file start-v9.pdb (PDB, C-alpha atoms)
ATOM      1  CA  MET A   4     -26.640   2.087  17.096
ATOM      2  CA  ARG A   5     -23.695   0.113  15.688
ATOM      3  CA  LYS A   6     -23.277   2.777  13.028
ATOM      4  CA  GLU A   7     -23.041   5.423  15.775
ATOM      5  CA  ARG A   8     -20.326   3.460  17.564
ATOM      6  CA  HIS A   9     -18.435   3.055  14.333
ATOM      7  CA  ASN A  10     -18.562   6.778  13.602
ATOM      8  CA  THR A  11     -17.732   7.823  17.160
ATOM      9  CA  GLY A  12     -14.219   6.446  17.161
ATOM     10  CA  PHE A  13     -12.295   4.664  19.852
ATOM     11  CA  VAL A  14     -10.292   6.055  22.727
ATOM     12  CA  VAL A  15      -7.622   4.144  24.594
ATOM     13  CA  ALA A  16      -6.185   5.524  27.797
ATOM     14  CA  SER A  17      -2.476   6.074  27.351
ATOM     15  CA  ARG A  18      -1.048   4.442  30.415
ATOM     16  CA  PRO A  19       2.613   3.633  30.823
ATOM     17  CA  PRO A  20       3.697   0.111  31.780
ATOM     18  CA  TYR A  21       3.069  -0.757  35.406
ATOM     19  CA  ASP A  22       5.891   0.515  37.614
ATOM     20  CA  ALA A  23       5.822  -1.087  41.058
ATOM     21  CA  SER A  24       8.357   1.417  42.403
ATOM     22  CA  THR A  25       6.023   4.373  41.920
ATOM     23  CA  GLU A  26       2.601   2.764  42.216
ATOM     24  CA  PRO A  27       0.777   1.724  45.378
ATOM     25  CA  GLN A  28       0.701  -2.011  46.068
ATOM     26  CA  SER A  29      -1.598  -3.654  43.560
ATOM     27  CA  THR A  30      -4.625  -5.598  44.754
ATOM     28  CA  ILE A  31      -5.979  -6.228  41.284
ATOM     29  CA  ALA A  32      -5.645  -9.995  41.511
ATOM     30  CA  ALA A  33      -7.971  -9.876  44.531
ATOM     31  CA  GLY A  34     -10.764  -9.412  41.960
ATOM     32  CA  LEU A  35     -10.067 -12.863  40.514
ATOM     33  CA  LEU A  36     -12.624 -15.393  41.712
ATOM     34  CA  PRO A  37     -11.388 -18.968  42.072
ATOM     35  CA  VAL A  38     -13.278 -21.495  39.969
ATOM     36  CA  GLU A  39     -13.201 -25.191  40.773
ATOM     37  CA  GLY A  40     -14.199 -28.214  38.758
ATOM     38  CA  VAL A  41     -15.013 -26.418  35.496
ATOM     39  CA  ALA A  42     -13.413 -27.533  32.242
ATOM     40  CA  LEU A  43     -12.821 -25.304  29.243
ATOM     41  CA  GLN A  44     -16.035 -25.156  27.211
ATOM     42  CA  ASP A  45     -15.977 -25.305  23.447
ATOM     43  CA  ILE A  46     -15.235 -22.107  21.628
ATOM     44  CA  ARG A  47     -15.361 -22.501  17.870
ATOM     45  CA  LEU A  48     -15.376 -19.183  16.066
ATOM     46  CA  THR A  49     -13.571 -17.466  13.226
ATOM     47  CA  ASN A  50     -10.753 -14.992  13.632
ATOM     48  CA  MET A  51     -10.426 -11.675  11.806
ATOM     49  CA  ASP A  52      -8.987 -13.449   8.765
ATOM     50  CA  GLY A  53     -12.025 -15.735   8.546
ATOM     51  CA  LYS A  54     -10.032 -18.774   9.716
ATOM     52  CA  ALA A  55     -11.910 -21.236  11.935
ATOM     53  CA  VAL A  56     -10.451 -21.523  15.431
ATOM     54  CA  ASP A  57     -11.226 -24.335  17.862
ATOM     55  CA  LEU A  58      -9.879 -23.189  21.230
ATOM     56  CA  LYS A  59      -9.506 -26.687  22.715
ATOM     57  CA  ARG A  60      -7.720 -28.066  19.669
ATOM     58  CA  ASP A  61      -5.658 -25.065  18.600
ATOM     59  CA  TYR A  62      -4.457 -24.117  22.108
ATOM     60  CA  ALA A  63      -4.152 -27.588  23.665
ATOM     61  CA  GLY A  64      -1.448 -27.643  26.350
ATOM     62  CA  LYS A  65      -1.335 -23.867  26.763
ATOM     63  CA  ALA A  66      -2.618 -21.798  29.647
ATOM     64  CA  LEU A  67      -5.076 -19.175  28.440
ATOM     65  CA  LEU A  68      -6.495 -15.828  29.313
ATOM     66  CA  VAL A  69      -9.830 -15.843  27.476
ATOM     67  CA  THR A  70     -11.524 -12.475  27.554
ATOM     68  CA  PHE A  71     -15.032 -11.639  26.340
ATOM     69  CA  TRP A  72     -15.261  -7.983  25.353
ATOM     70  CA  ALA A  73     -16.694  -5.441  22.906
ATOM     71  CA  THR A  74     -15.358  -2.304  21.243
ATOM     72  CA  TRP A  75     -18.122  -0.179  22.833
ATOM     73  CA  CYS A  76     -17.032  -1.197  26.358
ATOM     74  CA  PRO A  77     -14.596   1.387  27.848
ATOM     75  CA  HIS A  78     -13.085  -0.973  30.443
ATOM     76  CA  CYS A  79     -12.573  -3.620  27.772
ATOM     77  CA  VAL A  80     -10.618  -1.217  25.613
ATOM     78  CA  GLU A  81      -8.617   0.202  28.537
ATOM     79  CA  GLU A  82      -7.206  -3.198  29.509
ATOM     80  CA  ILE A  83      -5.875  -4.100  26.039
ATOM     81  CA  PRO A  84      -2.483  -2.332  26.402
ATOM     82  CA  SER A  85      -1.837  -4.145  29.701
ATOM     83  CA  MET A  86      -2.720  -7.448  28.028
ATOM     84  CA  ASN A  87      -0.169  -6.732  25.301
ATOM     85  CA  ARG A  88       2.486  -5.932  27.918
ATOM     86  CA  ALA A  89       1.656  -9.037  29.990
ATOM     87  CA  LEU A  90       1.848 -11.263  26.928
ATOM     88  CA  SER A  91       5.301  -9.890  26.103
ATOM     89  CA  GLN A  92       6.532 -11.009  29.554
ATOM     90  CA  LEU A  93       5.234 -14.582  29.423
ATOM     91  CA  ASP A  94       6.388 -17.769  27.704
ATOM     92  CA  LYS A  95       4.361 -17.932  24.475
ATOM     93  CA  ASP A  96       4.931 -21.696  24.284
ATOM     94  CA  ARG A  97       3.007 -22.113  27.534
ATOM     95  CA  PHE A  98       0.574 -19.161  27.586
ATOM     96  CA  ALA A  99      -1.735 -17.334  25.169
ATOM     97  CA  ILE A 100      -4.388 -14.632  25.240
ATOM     98  CA  VAL A 101      -7.504 -15.087  23.133
ATOM     99  CA  SER A 102     -10.210 -12.452  22.946
ATOM    100  CA  VAL A 103     -13.832 -13.016  21.977
ATOM    101  CA  SER A 104     -15.494  -9.957  20.465
ATOM    102  CA  TYR A 105     -19.183  -9.750  21.351
ATOM    103  CA  LYS A 106     -21.422  -8.901  18.378
ATOM    104  CA  ASP A 107     -18.999  -6.455  16.753
ATOM    105  CA  THR A 108     -19.096  -6.416  12.962
ATOM    106  CA  ASP A 109     -16.052  -6.919  10.774
ATOM    107  CA  ALA A 110     -16.176  -3.249   9.749
ATOM    108  CA  ILE A 111     -16.201  -2.055  13.355
ATOM    109  CA  MET A 112     -13.425  -4.452  14.340
ATOM    110  CA  ASN A 113     -11.237  -3.514  11.367
ATOM    111  CA  ALA A 114     -11.575   0.179  12.225
ATOM    112  CA  PHE A 115     -10.885  -0.549  15.876
ATOM    113  CA  ARG A 116      -7.735  -2.575  15.201
ATOM    114  CA  LYS A 117      -6.309   0.237  13.083
ATOM    115  CA  LYS A 118      -6.385   2.441  16.192
ATOM    116  CA  VAL A 119      -5.733  -0.073  18.962
ATOM    117  CA  PRO A 120      -2.860  -2.546  18.603
ATOM    118  CA  MET A 121      -3.660  -6.050  19.810
ATOM    119  CA  ASP A 122      -0.917  -8.675  20.088
ATOM    120  CA  PHE A 123      -3.385 -11.548  20.419
ATOM    121  CA  PRO A 124      -6.149 -13.001  18.250
ATOM    122  CA  VAL A 125      -9.691 -11.694  18.116
ATOM    123  CA  LEU A 126     -12.403 -14.298  17.624
ATOM    124  CA  MET A 127     -15.708 -12.991  16.330
ATOM    125  CA  ASP A 128     -18.843 -13.951  18.314
ATOM    126  CA  ARG A 129     -21.066 -12.269  15.753
ATOM    127  CA  ASP A 130     -24.377 -13.554  17.123
ATOM    128  CA  GLY A 131     -23.385 -13.658  20.804
ATOM    129  CA  GLN A 132     -24.107 -17.391  21.152
ATOM    130  CA  VAL A 133     -20.672 -18.355  22.511
ATOM    131  CA  SER A 134     -20.841 -15.553  25.089
ATOM    132  CA  LYS A 135     -24.309 -16.763  26.059
ATOM    133  CA  ALA A 136     -23.086 -20.367  26.399
ATOM    134  CA  TRP A 137     -20.292 -19.147  28.697
ATOM    135  CA  LYS A 138     -22.920 -17.211  30.721
ATOM    136  CA  VAL A 139     -21.121 -13.915  30.180
ATOM    137  CA  TYR A 140     -23.294 -11.173  31.662
ATOM    138  CA  ALA A 141     -20.792  -8.319  32.008
ATOM    139  CA  PHE A 142     -18.001  -6.939  29.860
ATOM    140  CA  PRO A 143     -15.190  -7.537  30.082
ATOM    141  CA  SER A 144     -15.413 -11.043  31.502
ATOM    142  CA  SER A 145     -12.164 -12.966  31.573
ATOM    143  CA  PHE A 146     -11.228 -16.512  32.452
ATOM    144  CA  LEU A 147      -7.833 -17.954  33.340
ATOM    145  CA  ILE A 148      -7.497 -21.523  32.137
ATOM    146  CA  ASP A 149      -4.561 -23.726  33.127
ATOM    147  CA  ARG A 150      -2.563 -25.913  30.747
ATOM    148  CA  SER A 151      -4.749 -28.956  31.466
ATOM    149  CA  GLY A 152      -7.891 -27.097  30.327
ATOM    150  CA  ARG A 153      -9.379 -26.313  33.743
ATOM    151  CA  VAL A 154     -10.890 -22.884  34.397
ATOM    152  CA  ARG A 155      -9.046 -21.626  37.482
ATOM    153  CA  TYR A 156     -10.220 -17.997  37.855
ATOM    154  CA  SER A 157     -12.767 -15.569  36.479
ATOM    155  CA  ILE A 158     -13.055 -11.801  36.701
ATOM    156  CA  ASN A 159     -15.934  -9.608  35.529
ATOM    157  CA  THR A 160     -14.217  -6.254  35.337
ATOM    158  CA  GLY A 161     -11.293  -4.656  33.582
ATOM    159  CA  ALA A 162      -7.860  -5.435  34.988
ATOM    160  CA  VAL A 163      -4.257  -4.354  34.712
ATOM    161  CA  TRP A 164      -2.842  -7.623  33.449
ATOM    162  CA  ASP A 165       0.822  -6.646  33.740
ATOM    163  CA  ALA A 166       0.576  -5.702  37.431
ATOM    164  CA  PRO A 167       2.915  -7.936  39.471
ATOM    165  CA  ASP A 168       0.128  -9.816  41.255
ATOM    166  CA  MET A 169      -1.679 -10.536  37.994
ATOM    167  CA  LEU A 170       1.513 -11.648  36.254
ATOM    168  CA  GLU A 171       2.085 -14.013  39.181
ATOM    169  CA  LYS A 172      -1.346 -15.596  38.583
ATOM    170  CA  LEU A 173      -0.703 -15.862  34.845
ATOM    171  CA  ARG A 174       2.640 -17.542  35.470
ATOM    172  CA  ASP A 175       1.047 -19.844  38.043
ATOM    173  CA  ILE A 176      -1.552 -21.211  35.601
ATOM    174  CA  SER A 177       1.199 -21.651  32.982
ATOM    175  CA  GLN A 178       3.150 -24.140  35.113
TER     176      GLN A 178
END
call {"tool": "encode", "arguments": {"input": "start-v9.pdb", "output": "structure tokens"}}
result
Amino acid sequence: MRKERHNTGFVVASRPPYDASTEPQSTIAAGLLPVEGVALQDIRLTNMDGKAVDLKRDYAGKALLVTFWATWCPHCVEEIPSMNRALSQLDKDRFAIVSVSYKDTDAIMNAFRKKVPMDFPVLMDRDGQVSKAWKVYAFPSSFLIDRSGRVRYSINTGAVWDAPDMLEKLRDISQ
């Protein structure tokens, strides 16, 4: 099955940046579910270069959008361009996006990244154990974590991360 996905190719919807003057009022952030009293769990994985990444240590003091996704998930792939655009509008000293790829192989991910630009790191959850520990049951599943390491929101669907209401939430957790 993985070989089929690899041979099928990847398709990313070509959507222009969000334009509030021509779009209906966004209610995307309404899909964010508030989370209270949950601290950032350990995520220790390797990135695409094979470098070990410890999320708590390496991103201490930064707000995070942590997204669990897979290359075979259409909604996961569709939201990547909006993540890139959102990241370009936020203070990189205070905010970062980190993606966790669920059970994709290096070969699949290398082919994917040649077609789909990603301005944020991809951590490889090769055996799915980190996703399981985070109780991820749907893809994409994303978590907004404030600068003190508290999980503030979760969402279990694709989102347009550069929509004004979402950018407001991202800026809020970065304070």
call {"tool": "resolve_selection", "arguments": {"input": "start-v9.pdb", "expression": "the PyMOL selection byres ((chain A and resi 176) around 7)", "output": "ChimeraX atom specification"}}
result
/A:66,148-150,172-175,177-178
call {"tool": "resolve_selection", "arguments": {"input": "start-v9.pdb", "expression": "the PyMOL selection byres ((chain A and resi 78-94) around 6)", "output": "number ranges by chain"}}
result
A: 15-16, 72, 76-77, 95-98, 122, 143, 161-165
call {"tool": "residues_around", "arguments": {"input": "start-v9.pdb", "residues": "Phe146 of chain A", "least_positions_apart": "2", "cutoff": "6 Å", "atoms": "only C-alpha atoms", "output": "list of chain:residue names"}}
result
A:Leu68, A:Val69, A:Tyr156, A:Ser157
call {"tool": "resolve_selection", "arguments": {"input": "start-v9.pdb", "expression": "the PyMOL selection byres ((chain A and resi 40-55) around 9)", "output": "short mmCIF file (atom, residue, chain, number, x, y, z; two decimals) with C-alpha atoms, in the frame of the given file"}}
result
data_model
loop_
_atom_site.label_atom_id
_atom_site.label_comp_id
_atom_site.auth_asym_id
_atom_site.auth_seq_id
_atom_site.Cartn_x
_atom_site.Cartn_y
_atom_site.Cartn_z
CA VAL A 38 -13.28 -21.50 39.97
CA GLU A 39 -13.20 -25.19 40.77
CA VAL A 56 -10.45 -21.52 15.43
CA ASP A 57 -11.23 -24.34 17.86
CA LEU A 58 -9.88 -23.19 21.23
CA LYS A 59 -9.51 -26.69 22.72
CA VAL A 103 -13.83 -13.02 21.98
CA ASP A 109 -16.05 -6.92 10.77
CA MET A 112 -13.42 -4.45 14.34
CA ASN A 113 -11.24 -3.51 11.37
CA PRO A 124 -6.15 -13.00 18.25
CA VAL A 125 -9.69 -11.69 18.12
CA LEU A 126 -12.40 -14.30 17.62
CA MET A 127 -15.71 -12.99 16.33
CA ASP A 128 -18.84 -13.95 18.31
CA ARG A 129 -21.07 -12.27 15.75
CA VAL A 133 -20.67 -18.36 22.51
CA ALA A 136 -23.09 -20.37 26.40
CA TRP A 137 -20.29 -19.15 28.70
CA ILE A 148 -7.50 -21.52 32.14
CA SER A 151 -4.75 -28.96 31.47
CA GLY A 152 -7.89 -27.10 30.33
CA ARG A 153 -9.38 -26.31 33.74
CA VAL A 154 -10.89 -22.88 34.40
CA ARG A 155 -9.05 -21.63 37.48
#
call {"tool": "closest_residue", "arguments": {"input": "start-v9.pdb", "among": "A:Val101, A:Leu170, A:Ile158, A:Ile111", "to": "Pro37 of chain A", "atoms": "all atoms listed in the file"}}
result
A:Ile158
call {"tool": "atom_distance", "arguments": {"input": "start-v9.pdb", "atom1": "atom CA of Ala63 of chain A", "atom2": "atom CA of Lys117 of chain A"}}
result
29.8 Å
call {"tool": "atom_distance", "arguments": {"input": "start-v9.pdb", "atom1": "atom CA of Thr74 of chain A", "atom2": "atom CA of Ser134 of chain A"}}
result
14.8 Å
